Every structure is written in structure tokens, then in C-alpha cells.
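Colleague: What follows is the file final-v4.txt, containing compact mmCIF, N, CA and C atoms:
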# COMPACT_ATOMS: atom_id res chain seq x y z
N MET A 1 6.46 75.57 7.38
CA MET A 1 6.21 76.95 7.74
C MET A 1 5.96 77.81 6.51
N ASN A 2 6.73 77.62 5.50
CA ASN A 2 6.64 78.51 4.35
C ASN A 2 5.80 77.88 3.24
N GLY A 3 5.10 78.71 2.51
CA GLY A 3 4.35 78.21 1.37
C GLY A 3 2.90 77.97 1.69
N LYS A 4 2.29 77.18 0.87
CA LYS A 4 0.86 76.92 0.98
C LYS A 4 0.59 75.79 1.97
N ILE A 5 -0.61 75.76 2.47
CA ILE A 5 -1.02 74.71 3.39
C ILE A 5 -1.41 73.49 2.56
N PRO A 6 -0.76 72.33 2.82
CA PRO A 6 -1.09 71.13 2.03
C PRO A 6 -2.47 70.61 2.40
N PRO A 7 -3.11 69.91 1.46
CA PRO A 7 -4.42 69.34 1.77
C PRO A 7 -4.29 68.24 2.82
N LEU A 8 -5.36 68.01 3.55
CA LEU A 8 -5.37 66.93 4.55
C LEU A 8 -5.28 65.58 3.86
N PRO A 9 -4.60 64.60 4.46
CA PRO A 9 -4.53 63.27 3.85
C PRO A 9 -5.89 62.59 3.91
N GLU A 10 -6.02 61.55 3.13
CA GLU A 10 -7.26 60.77 3.13
C GLU A 10 -7.50 60.19 4.52
N ALA A 11 -8.74 59.95 4.86
CA ALA A 11 -9.11 59.49 6.20
C ALA A 11 -8.48 58.14 6.54
N ASN A 12 -8.28 57.27 5.57
CA ASN A 12 -7.76 55.93 5.85
C ASN A 12 -6.24 55.86 5.77
N PHE A 13 -5.58 56.99 5.72
CA PHE A 13 -4.13 57.03 5.63
C PHE A 13 -3.49 56.74 6.98
N THR A 14 -2.52 55.83 7.01
CA THR A 14 -1.77 55.55 8.24
C THR A 14 -0.28 55.54 7.91
N LEU A 15 0.52 56.05 8.83
CA LEU A 15 1.96 56.03 8.65
C LEU A 15 2.50 54.65 9.00
N PRO A 16 3.41 54.13 8.20
CA PRO A 16 4.00 52.83 8.54
C PRO A 16 4.95 52.97 9.73
N TYR A 17 5.09 51.93 10.51
CA TYR A 17 6.01 51.92 11.63
C TYR A 17 7.43 51.82 11.07
N PRO A 18 8.36 52.67 11.53
CA PRO A 18 9.72 52.61 10.98
C PRO A 18 10.42 51.31 11.34
N ALA A 19 11.16 50.77 10.40
CA ALA A 19 11.89 49.53 10.64
C ALA A 19 13.07 49.77 11.57
N GLN A 20 13.58 51.00 11.57
CA GLN A 20 14.73 51.31 12.39
C GLN A 20 14.70 52.79 12.77
N GLN A 21 15.12 53.10 13.98
CA GLN A 21 15.25 54.49 14.42
C GLN A 21 16.69 54.69 14.88
N VAL A 22 17.30 55.78 14.40
CA VAL A 22 18.69 56.05 14.74
C VAL A 22 18.77 57.46 15.31
N GLN A 23 19.35 57.59 16.47
CA GLN A 23 19.57 58.89 17.07
C GLN A 23 20.96 59.37 16.67
N VAL A 24 21.05 60.52 16.01
CA VAL A 24 22.33 60.99 15.50
C VAL A 24 23.02 61.98 16.44
N MET A 25 22.28 62.53 17.40
CA MET A 25 22.88 63.43 18.38
C MET A 25 22.81 62.81 19.76
N SER A 26 23.79 63.15 20.58
CA SER A 26 23.77 62.64 21.95
C SER A 26 22.65 63.33 22.73
N GLU A 27 22.28 62.72 23.84
CA GLU A 27 21.25 63.32 24.70
C GLU A 27 21.68 64.70 25.18
N ARG A 28 22.96 64.86 25.46
CA ARG A 28 23.49 66.15 25.91
C ARG A 28 23.33 67.22 24.83
N GLU A 29 23.67 66.87 23.59
CA GLU A 29 23.51 67.82 22.48
C GLU A 29 22.04 68.19 22.28
N LEU A 30 21.15 67.20 22.35
CA LEU A 30 19.72 67.46 22.20
C LEU A 30 19.22 68.40 23.29
N ALA A 31 19.61 68.14 24.52
CA ALA A 31 19.19 68.99 25.63
C ALA A 31 19.68 70.42 25.45
N ASP A 32 20.91 70.56 24.98
CA ASP A 32 21.48 71.90 24.75
C ASP A 32 20.70 72.63 23.66
N LYS A 33 20.42 71.96 22.57
CA LYS A 33 19.70 72.60 21.45
C LYS A 33 18.26 72.94 21.81
N LEU A 34 17.67 72.20 22.74
CA LEU A 34 16.28 72.44 23.12
C LEU A 34 16.14 73.45 24.26
N SER A 35 17.26 73.91 24.82
CA SER A 35 17.19 74.84 25.94
C SER A 35 16.73 76.22 25.45
N PRO A 36 15.93 76.92 26.26
CA PRO A 36 15.44 78.24 25.87
C PRO A 36 16.58 79.23 25.59
N GLU A 37 17.71 79.07 26.29
CA GLU A 37 18.84 79.96 26.07
C GLU A 37 19.37 79.87 24.64
N GLN A 38 19.26 78.71 24.04
CA GLN A 38 19.69 78.52 22.66
C GLN A 38 18.57 78.83 21.67
N ARG A 39 17.36 78.46 22.01
CA ARG A 39 16.24 78.58 21.06
C ARG A 39 15.75 80.01 20.90
N LEU A 40 15.70 80.78 21.99
CA LEU A 40 15.16 82.13 21.91
C LEU A 40 15.93 83.01 20.92
N PRO A 41 17.26 83.10 20.98
CA PRO A 41 17.96 83.94 20.01
C PRO A 41 17.78 83.47 18.56
N ARG A 42 17.78 82.15 18.34
CA ARG A 42 17.57 81.64 16.98
C ARG A 42 16.18 81.98 16.48
N GLN A 43 15.18 81.83 17.36
CA GLN A 43 13.81 82.12 16.95
C GLN A 43 13.64 83.61 16.68
N ALA A 44 14.29 84.46 17.47
CA ALA A 44 14.22 85.91 17.23
C ALA A 44 14.82 86.24 15.86
N ASP A 45 15.91 85.58 15.51
CA ASP A 45 16.51 85.79 14.18
C ASP A 45 15.56 85.35 13.07
N HIS A 46 14.92 84.19 13.25
CA HIS A 46 13.97 83.69 12.25
C HIS A 46 12.81 84.67 12.08
N TYR A 47 12.30 85.14 13.22
CA TYR A 47 11.16 86.06 13.16
C TYR A 47 11.55 87.36 12.47
N ALA A 48 12.70 87.90 12.81
CA ALA A 48 13.16 89.14 12.17
C ALA A 48 13.34 88.95 10.67
N ALA A 49 13.87 87.81 10.27
CA ALA A 49 14.07 87.55 8.85
C ALA A 49 12.75 87.46 8.10
N ILE A 50 11.77 86.80 8.67
CA ILE A 50 10.50 86.66 7.96
C ILE A 50 9.72 87.97 7.93
N VAL A 51 9.86 88.79 8.98
CA VAL A 51 9.25 90.12 8.94
C VAL A 51 9.90 90.96 7.85
N GLY A 52 11.22 90.89 7.75
CA GLY A 52 11.92 91.60 6.68
C GLY A 52 11.46 91.15 5.30
N HIS A 53 11.27 89.84 5.15
CA HIS A 53 10.78 89.30 3.87
C HIS A 53 9.38 89.82 3.57
N PHE A 54 8.53 89.83 4.59
CA PHE A 54 7.15 90.31 4.44
C PHE A 54 7.14 91.77 3.99
N LEU A 55 8.00 92.58 4.61
CA LEU A 55 8.02 94.01 4.31
C LEU A 55 8.67 94.33 2.97
N ALA A 56 9.73 93.63 2.64
CA ALA A 56 10.50 93.99 1.45
C ALA A 56 10.14 93.21 0.19
N ILE A 57 9.65 91.99 0.36
CA ILE A 57 9.48 91.13 -0.82
C ILE A 57 8.05 90.72 -1.08
N LYS A 58 7.41 90.11 -0.09
CA LYS A 58 6.11 89.50 -0.36
C LYS A 58 5.16 89.66 0.81
N ASN A 59 4.19 90.53 0.63
CA ASN A 59 3.12 90.72 1.61
C ASN A 59 2.00 89.77 1.21
N SER A 60 2.00 88.56 1.79
CA SER A 60 1.01 87.55 1.40
C SER A 60 0.44 86.85 2.61
N SER A 61 -0.65 86.14 2.40
CA SER A 61 -1.26 85.39 3.50
C SER A 61 -0.36 84.25 3.96
N GLU A 62 0.40 83.63 3.04
CA GLU A 62 1.30 82.55 3.42
C GLU A 62 2.39 83.06 4.36
N VAL A 63 2.98 84.20 4.02
CA VAL A 63 4.05 84.76 4.84
C VAL A 63 3.49 85.25 6.17
N SER A 64 2.29 85.83 6.15
CA SER A 64 1.71 86.30 7.42
C SER A 64 1.39 85.13 8.35
N ARG A 65 0.97 83.98 7.81
CA ARG A 65 0.74 82.79 8.64
C ARG A 65 2.05 82.31 9.24
N ALA A 66 3.12 82.35 8.44
CA ALA A 66 4.43 81.95 8.95
C ALA A 66 4.89 82.92 10.04
N MET A 67 4.63 84.21 9.86
CA MET A 67 4.98 85.19 10.89
C MET A 67 4.25 84.88 12.19
N ASP A 68 2.97 84.58 12.10
CA ASP A 68 2.19 84.23 13.30
C ASP A 68 2.79 83.01 14.01
N ALA A 69 3.12 81.99 13.25
CA ALA A 69 3.68 80.76 13.84
C ALA A 69 5.02 81.05 14.51
N HIS A 70 5.88 81.81 13.84
CA HIS A 70 7.18 82.14 14.41
C HIS A 70 7.03 83.02 15.65
N PHE A 71 6.08 83.93 15.63
CA PHE A 71 5.87 84.81 16.79
C PHE A 71 5.36 83.99 17.98
N ASP A 72 4.47 83.03 17.72
CA ASP A 72 3.99 82.16 18.80
C ASP A 72 5.15 81.41 19.45
N ARG A 73 6.06 80.89 18.63
CA ARG A 73 7.22 80.19 19.16
C ARG A 73 8.12 81.15 19.94
N LEU A 74 8.29 82.35 19.41
CA LEU A 74 9.12 83.35 20.08
C LEU A 74 8.56 83.65 21.47
N GLN A 75 7.26 83.81 21.57
CA GLN A 75 6.64 84.06 22.87
C GLN A 75 6.83 82.87 23.82
N LEU A 76 6.71 81.66 23.30
CA LEU A 76 6.91 80.46 24.11
C LEU A 76 8.32 80.42 24.68
N TYR A 77 9.33 80.60 23.83
CA TYR A 77 10.71 80.56 24.30
C TYR A 77 11.01 81.72 25.24
N HIS A 78 10.40 82.87 25.01
CA HIS A 78 10.57 84.01 25.89
C HIS A 78 10.04 83.69 27.28
N SER A 79 8.85 83.13 27.36
CA SER A 79 8.27 82.80 28.68
C SER A 79 9.09 81.71 29.37
N GLN A 80 9.61 80.74 28.61
CA GLN A 80 10.46 79.70 29.20
C GLN A 80 11.74 80.30 29.76
N MET A 81 12.29 81.29 29.05
CA MET A 81 13.50 81.93 29.50
C MET A 81 13.26 82.73 30.77
N LEU A 82 12.11 83.41 30.85
CA LEU A 82 11.79 84.17 32.05
C LEU A 82 11.60 83.26 33.26
N LYS A 83 11.05 82.08 33.05
CA LYS A 83 10.88 81.13 34.16
C LYS A 83 12.23 80.68 34.70
N LEU A 84 13.23 80.59 33.83
CA LEU A 84 14.57 80.24 34.30
C LEU A 84 15.13 81.33 35.21
N ALA A 85 14.82 82.57 34.89
CA ALA A 85 15.33 83.70 35.68
C ALA A 85 14.70 83.74 37.07
N THR A 86 13.50 83.25 37.21
CA THR A 86 12.82 83.29 38.51
C THR A 86 13.25 82.14 39.41
N LYS A 87 14.03 81.20 38.90
CA LYS A 87 14.48 80.05 39.70
C LYS A 87 15.60 80.43 40.66
N ASP A 88 16.22 81.58 40.48
CA ASP A 88 17.36 81.98 41.33
C ASP A 88 16.96 82.23 42.74
Turn the structure described in the file into C-alpha cells.
Modeller:
Amino acid sequence: MNGKIPPLPEANFTLPYPAQQVQVMSERELADKLSPEQRLPRQADHYAAIVGHFLAIKNSSEVSRAMDAHFDRLQLYHSQMLKLATKD
């Protein structure tokens, strides 16, 4: 999210298949962390912090791109949260 956009990898680049995959959180913990009720407030905090950084410290294209990305996520979690409210 933060900083410069890295260059694209070479066309013939492939990721190796992992020899082992380990899940460190239970399915219940993952589901809780991915719920809109948990994500929306965290994303709002992230967005507010980056806007504060943009205004007080660095007005740059890198920070403005990060603001756009965080705002897009904020809108996504907001719409997911509203859909939960209509299920009643």
C-alpha cells in the first residue's frame, strides 16, 4: 500500500509451489477477522490515519494512491455491513 509501485516481474517469472502450508489461525478466528463488523472499523481507522498523514506530513502521489485503495476497501466493507442489516 505504501511507497512506490514496484516494477512488473519478468515475463518468464513463476512462483515456486510451497513445500508446506501451515494455517496458524483456526477457521473460527479467520471468519471473525474477515467479518465486515470487524473489518469496517479497522479500515475506517486506517483511512483516517492515512488522510491525516496526507494532510500533515506528505502530500504525494504515493500517499494519494494509498488513500484511494483504502477508501475503496472502506466502501466495500461498508456495503457488506449494510447487506447484513437488510437480512433482518
Colleague: Kindly indicate which residue among A:Arg28, A:Lys33, A:Lys4, A:Arg39 lies nearest to Gln75 in chain A, using only C-alpha atoms for the distances.
Modeller: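 Closest to Gln75 in chain A of all the choices is A:Arg39.
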Colleague: With only C-alpha atoms as the atoms that count, which of A:Lys58, A:His70, A:His53, A:His78 lies nearest to Gln38 in chain A?
Modeller: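 Looking at the shortest contact to Gln38 in chain A, the residue is A:His78.
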Colleague: Provide the CA of Tyr47 in chain A to CA of Met67 in chain A distance in Å, to one decimal place.
Modeller: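 One can read the CA of Tyr47 in chain A to CA of Met67 in chain A distance as 6.6 Å.
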Colleague: Applying 12 Å and only C-alpha atoms, which residues near Ile50 in chain A remain after dropping the ones on its own chain fewer than 5 positions away? List them as a list in words.
Modeller: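 Final neighbour list, sorted by chain and number: Met1, Asn2, Gln43, Ala44, Asp45, Leu55, Ala56, Ile57, Lys58, Asn59, Ser60, Glu62, Val63, Ser64, Arg65, Ala66, Met67, Asp68, Ala69, His70 and Phe71 of chain A.
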Colleague: Check the smallest atom-to-atom distance from each of A:Phe54, A:Pro18, A:Ser35, A:Arg42 to Gln80 in chain A using only N, CA and C atoms, then report the winner.
Modeller: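 For Gln80 in chain A, the nearest of the candidates is A:Ser35.
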Colleague: Pick out each residue of chain A that DSSP on the backbone tags as helix (DSSP H, G or I); I need them as an MDAnalysis selection string.
Modeller: chainID A and resid 27:34 36:56 61:85
Colleague: Can I get the selection written as a short mmCIF file (atom, residue, chain, number, x, y, z; two decimals), in the coordinates of the input, with N, CA and C atoms?
Modeller:
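So again_30.cif came out as:
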data_model
loop_
_atom_site.label_atom_id
_atom_site.label_comp_id
_atom_site.auth_asym_id
_atom_site.auth_seq_id
_atom_site.Cartn_x
_atom_site.Cartn_y
_atom_site.Cartn_z
N GLU A 27 22.28 62.72 23.84
CA GLU A 27 21.25 63.32 24.70
C GLU A 27 21.68 64.70 25.18
N ARG A 28 22.96 64.86 25.46
CA ARG A 28 23.49 66.15 25.91
C ARG A 28 23.33 67.22 24.83
N GLU A 29 23.67 66.87 23.59
CA GLU A 29 23.51 67.82 22.48
C GLU A 29 22.04 68.19 22.28
N LEU A 30 21.15 67.20 22.35
CA LEU A 30 19.72 67.46 22.20
C LEU A 30 19.22 68.40 23.29
N ALA A 31 19.61 68.14 24.52
CA ALA A 31 19.19 68.99 25.63
C ALA A 31 19.68 70.42 25.45
N ASP A 32 20.91 70.56 24.98
CA ASP A 32 21.48 71.90 24.75
C ASP A 32 20.70 72.63 23.66
N LYS A 33 20.42 71.96 22.57
CA LYS A 33 19.70 72.60 21.45
C LYS A 33 18.26 72.94 21.81
N LEU A 34 17.67 72.20 22.74
CA LEU A 34 16.28 72.44 23.12
C LEU A 34 16.14 73.45 24.26
N PRO A 36 15.93 76.92 26.26
CA PRO A 36 15.44 78.24 25.87
C PRO A 36 16.58 79.23 25.59
N GLU A 37 17.71 79.07 26.29
CA GLU A 37 18.84 79.96 26.07
C GLU A 37 19.37 79.87 24.64
N GLN A 38 19.26 78.71 24.04
CA GLN A 38 19.69 78.52 22.66
C GLN A 38 18.57 78.83 21.67
N ARG A 39 17.36 78.46 22.01
CA ARG A 39 16.24 78.58 21.06
C ARG A 39 15.75 80.01 20.90
N LEU A 40 15.70 80.78 21.99
CA LEU A 40 15.16 82.13 21.91
C LEU A 40 15.93 83.01 20.92
N PRO A 41 17.26 83.10 20.98
CA PRO A 41 17.96 83.94 20.01
C PRO A 41 17.78 83.47 18.56
N ARG A 42 17.78 82.15 18.34
CA ARG A 42 17.57 81.64 16.98
C ARG A 42 16.18 81.98 16.48
N GLN A 43 15.18 81.83 17.36
CA GLN A 43 13.81 82.12 16.95
C GLN A 43 13.64 83.61 16.68
N ALA A 44 14.29 84.46 17.47
CA ALA A 44 14.22 85.91 17.23
C ALA A 44 14.82 86.24 15.86
N ASP A 45 15.91 85.58 15.51
CA ASP A 45 16.51 85.79 14.18
C ASP A 45 15.56 85.35 13.07
N HIS A 46 14.92 84.19 13.25
CA HIS A 46 13.97 83.69 12.25
C HIS A 46 12.81 84.67 12.08
N TYR A 47 12.30 85.14 13.22
CA TYR A 47 11.16 86.06 13.16
C TYR A 47 11.55 87.36 12.47
N ALA A 48 12.70 87.90 12.81
CA ALA A 48 13.16 89.14 12.17
C ALA A 48 13.34 88.95 10.67
N ALA A 49 13.87 87.81 10.27
CA ALA A 49 14.07 87.55 8.85
C ALA A 49 12.75 87.46 8.10
N ILE A 50 11.77 86.80 8.67
CA ILE A 50 10.50 86.66 7.96
C ILE A 50 9.72 87.97 7.93
N VAL A 51 9.86 88.79 8.98
CA VAL A 51 9.25 90.12 8.94
C VAL A 51 9.90 90.96 7.85
N GLY A 52 11.22 90.89 7.75
CA GLY A 52 11.92 91.60 6.68
C GLY A 52 11.46 91.15 5.30
N HIS A 53 11.27 89.84 5.15
CA HIS A 53 10.78 89.30 3.87
C HIS A 53 9.38 89.82 3.57
N PHE A 54 8.53 89.83 4.59
CA PHE A 54 7.15 90.31 4.44
C PHE A 54 7.14 91.77 3.99
N LEU A 55 8.00 92.58 4.61
CA LEU A 55 8.02 94.01 4.31
C LEU A 55 8.67 94.33 2.97
N ALA A 56 9.73 93.63 2.64
CA ALA A 56 10.50 93.99 1.45
C ALA A 56 10.14 93.21 0.19
N SER A 61 -0.65 86.14 2.40
CA SER A 61 -1.26 85.39 3.50
C SER A 61 -0.36 84.25 3.96
N GLU A 62 0.40 83.63 3.04
CA GLU A 62 1.30 82.55 3.42
C GLU A 62 2.39 83.06 4.36
N VAL A 63 2.98 84.20 4.02
CA VAL A 63 4.05 84.76 4.84
C VAL A 63 3.49 85.25 6.17
N SER A 64 2.29 85.83 6.15
CA SER A 64 1.71 86.30 7.42
C SER A 64 1.39 85.13 8.35
N ARG A 65 0.97 83.98 7.81
CA ARG A 65 0.74 82.79 8.64
C ARG A 65 2.05 82.31 9.24
N ALA A 66 3.12 82.35 8.44
CA ALA A 66 4.43 81.95 8.95
C ALA A 66 4.89 82.92 10.04
N MET A 67 4.63 84.21 9.86
CA MET A 67 4.98 85.19 10.89
C MET A 67 4.25 84.88 12.19
N ASP A 68 2.97 84.58 12.10
CA ASP A 68 2.19 84.23 13.30
C ASP A 68 2.79 83.01 14.01
N ALA A 69 3.12 81.99 13.25
CA ALA A 69 3.68 80.76 13.84
C ALA A 69 5.02 81.05 14.51
N HIS A 70 5.88 81.81 13.84
CA HIS A 70 7.18 82.14 14.41
C HIS A 70 7.03 83.02 15.65
N PHE A 71 6.08 83.93 15.63
CA PHE A 71 5.87 84.81 16.79
C PHE A 71 5.36 83.99 17.98
N ASP A 72 4.47 83.03 17.72
CA ASP A 72 3.99 82.16 18.80
C ASP A 72 5.15 81.41 19.45
N ARG A 73 6.06 80.89 18.63
CA ARG A 73 7.22 80.19 19.16
C ARG A 73 8.12 81.15 19.94
N LEU A 74 8.29 82.35 19.41
CA LEU A 74 9.12 83.35 20.08
C LEU A 74 8.56 83.65 21.47
N GLN A 75 7.26 83.81 21.57
CA GLN A 75 6.64 84.06 22.87
C GLN A 75 6.83 82.87 23.82
N LEU A 76 6.71 81.66 23.30
CA LEU A 76 6.91 80.46 24.11
C LEU A 76 8.32 80.42 24.68
N TYR A 77 9.33 80.60 23.83
CA TYR A 77 10.71 80.56 24.30
C TYR A 77 11.01 81.72 25.24
N HIS A 78 10.40 82.87 25.01
CA HIS A 78 10.57 84.01 25.89
C HIS A 78 10.04 83.69 27.28
N SER A 79 8.85 83.13 27.36
CA SER A 79 8.27 82.80 28.68
C SER A 79 9.09 81.71 29.37
N GLN A 80 9.61 80.74 28.61
CA GLN A 80 10.46 79.70 29.20
C GLN A 80 11.74 80.30 29.76
N MET A 81 12.29 81.29 29.05
CA MET A 81 13.50 81.93 29.50
C MET A 81 13.26 82.73 30.77
N LEU A 82 12.11 83.41 30.85
CA LEU A 82 11.79 84.17 32.05
C LEU A 82 11.60 83.26 33.26
N LYS A 83 11.05 82.08 33.05
CA LYS A 83 10.88 81.13 34.16
C LYS A 83 12.23 80.68 34.70
N LEU A 84 13.23 80.59 33.83
CA LEU A 84 14.57 80.24 34.30
C LEU A 84 15.13 81.33 35.21
N ALA A 85 14.82 82.57 34.89
CA ALA A 85 15.33 83.70 35.68
C ALA A 85 14.70 83.74 37.07
#
Colleague: Which of these, A:Ile5, A:Leu15, A:Leu40, A:Ser26, has the shortest distance to Asp72 in chain A once you count only C-alpha atoms?
Modeller: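 Among A:Ile5, A:Leu15, A:Leu40, A:Ser26, it is A:Leu40 that comes nearest to Asp72 in chain A.
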Colleague: Since the input lacks some atoms of range 63-75 of chain A, please model N, CA, C and O atoms and print them as a tab-separated table (two decimals), in the coordinates of the input.
Modeller:
chain	number	residue	atom	x	y	z
A	63	VAL	N	2.98	84.20	4.02
A	63	VAL	CA	4.05	84.76	4.84
A	63	VAL	C	3.49	85.25	6.17
A	63	VAL	O	4.11	85.07	7.22
A	64	SER	N	2.29	85.83	6.15
A	64	SER	CA	1.71	86.30	7.42
A	64	SER	C	1.39	85.13	8.35
A	64	SER	O	1.56	85.24	9.56
A	65	ARG	N	0.97	83.98	7.81
A	65	ARG	CA	0.74	82.79	8.64
A	65	ARG	C	2.05	82.31	9.24
A	65	ARG	O	2.12	81.92	10.41
A	66	ALA	N	3.12	82.35	8.44
A	66	ALA	CA	4.43	81.95	8.95
A	66	ALA	C	4.89	82.92	10.04
A	66	ALA	O	5.45	82.49	11.06
A	67	MET	N	4.63	84.21	9.86
A	67	MET	CA	4.98	85.19	10.89
A	67	MET	C	4.25	84.88	12.19
A	67	MET	O	4.85	84.94	13.27
A	68	ASP	N	2.97	84.58	12.10
A	68	ASP	CA	2.19	84.23	13.30
A	68	ASP	C	2.79	83.01	14.01
A	68	ASP	O	2.95	83.00	15.23
A	69	ALA	N	3.12	81.99	13.25
A	69	ALA	CA	3.68	80.76	13.84
A	69	ALA	C	5.02	81.05	14.51
A	69	ALA	O	5.28	80.60	15.63
A	70	HIS	N	5.88	81.81	13.84
A	70	HIS	CA	7.18	82.14	14.41
A	70	HIS	C	7.03	83.02	15.65
A	70	HIS	O	7.78	82.86	16.62
A	71	PHE	N	6.08	83.93	15.63
A	71	PHE	CA	5.87	84.81	16.79
A	71	PHE	C	5.36	83.99	17.98
A	71	PHE	O	5.78	84.23	19.11
A	72	ASP	N	4.47	83.03	17.72
A	72	ASP	CA	3.99	82.16	18.80
A	72	ASP	C	5.15	81.41	19.45
A	72	ASP	O	5.24	81.30	20.67
A	73	ARG	N	6.06	80.89	18.63
A	73	ARG	CA	7.22	80.19	19.16
A	73	ARG	C	8.12	81.15	19.94
A	73	ARG	O	8.65	80.79	20.99
A	74	LEU	N	8.29	82.35	19.41
A	74	LEU	CA	9.12	83.35	20.08
A	74	LEU	C	8.56	83.65	21.47
A	74	LEU	O	9.31	83.70	22.45
A	75	GLN	N	7.26	83.81	21.57
A	75	GLN	CA	6.64	84.06	22.87
A	75	GLN	C	6.83	82.87	23.82
A	75	GLN	O	7.09	83.06	25.01
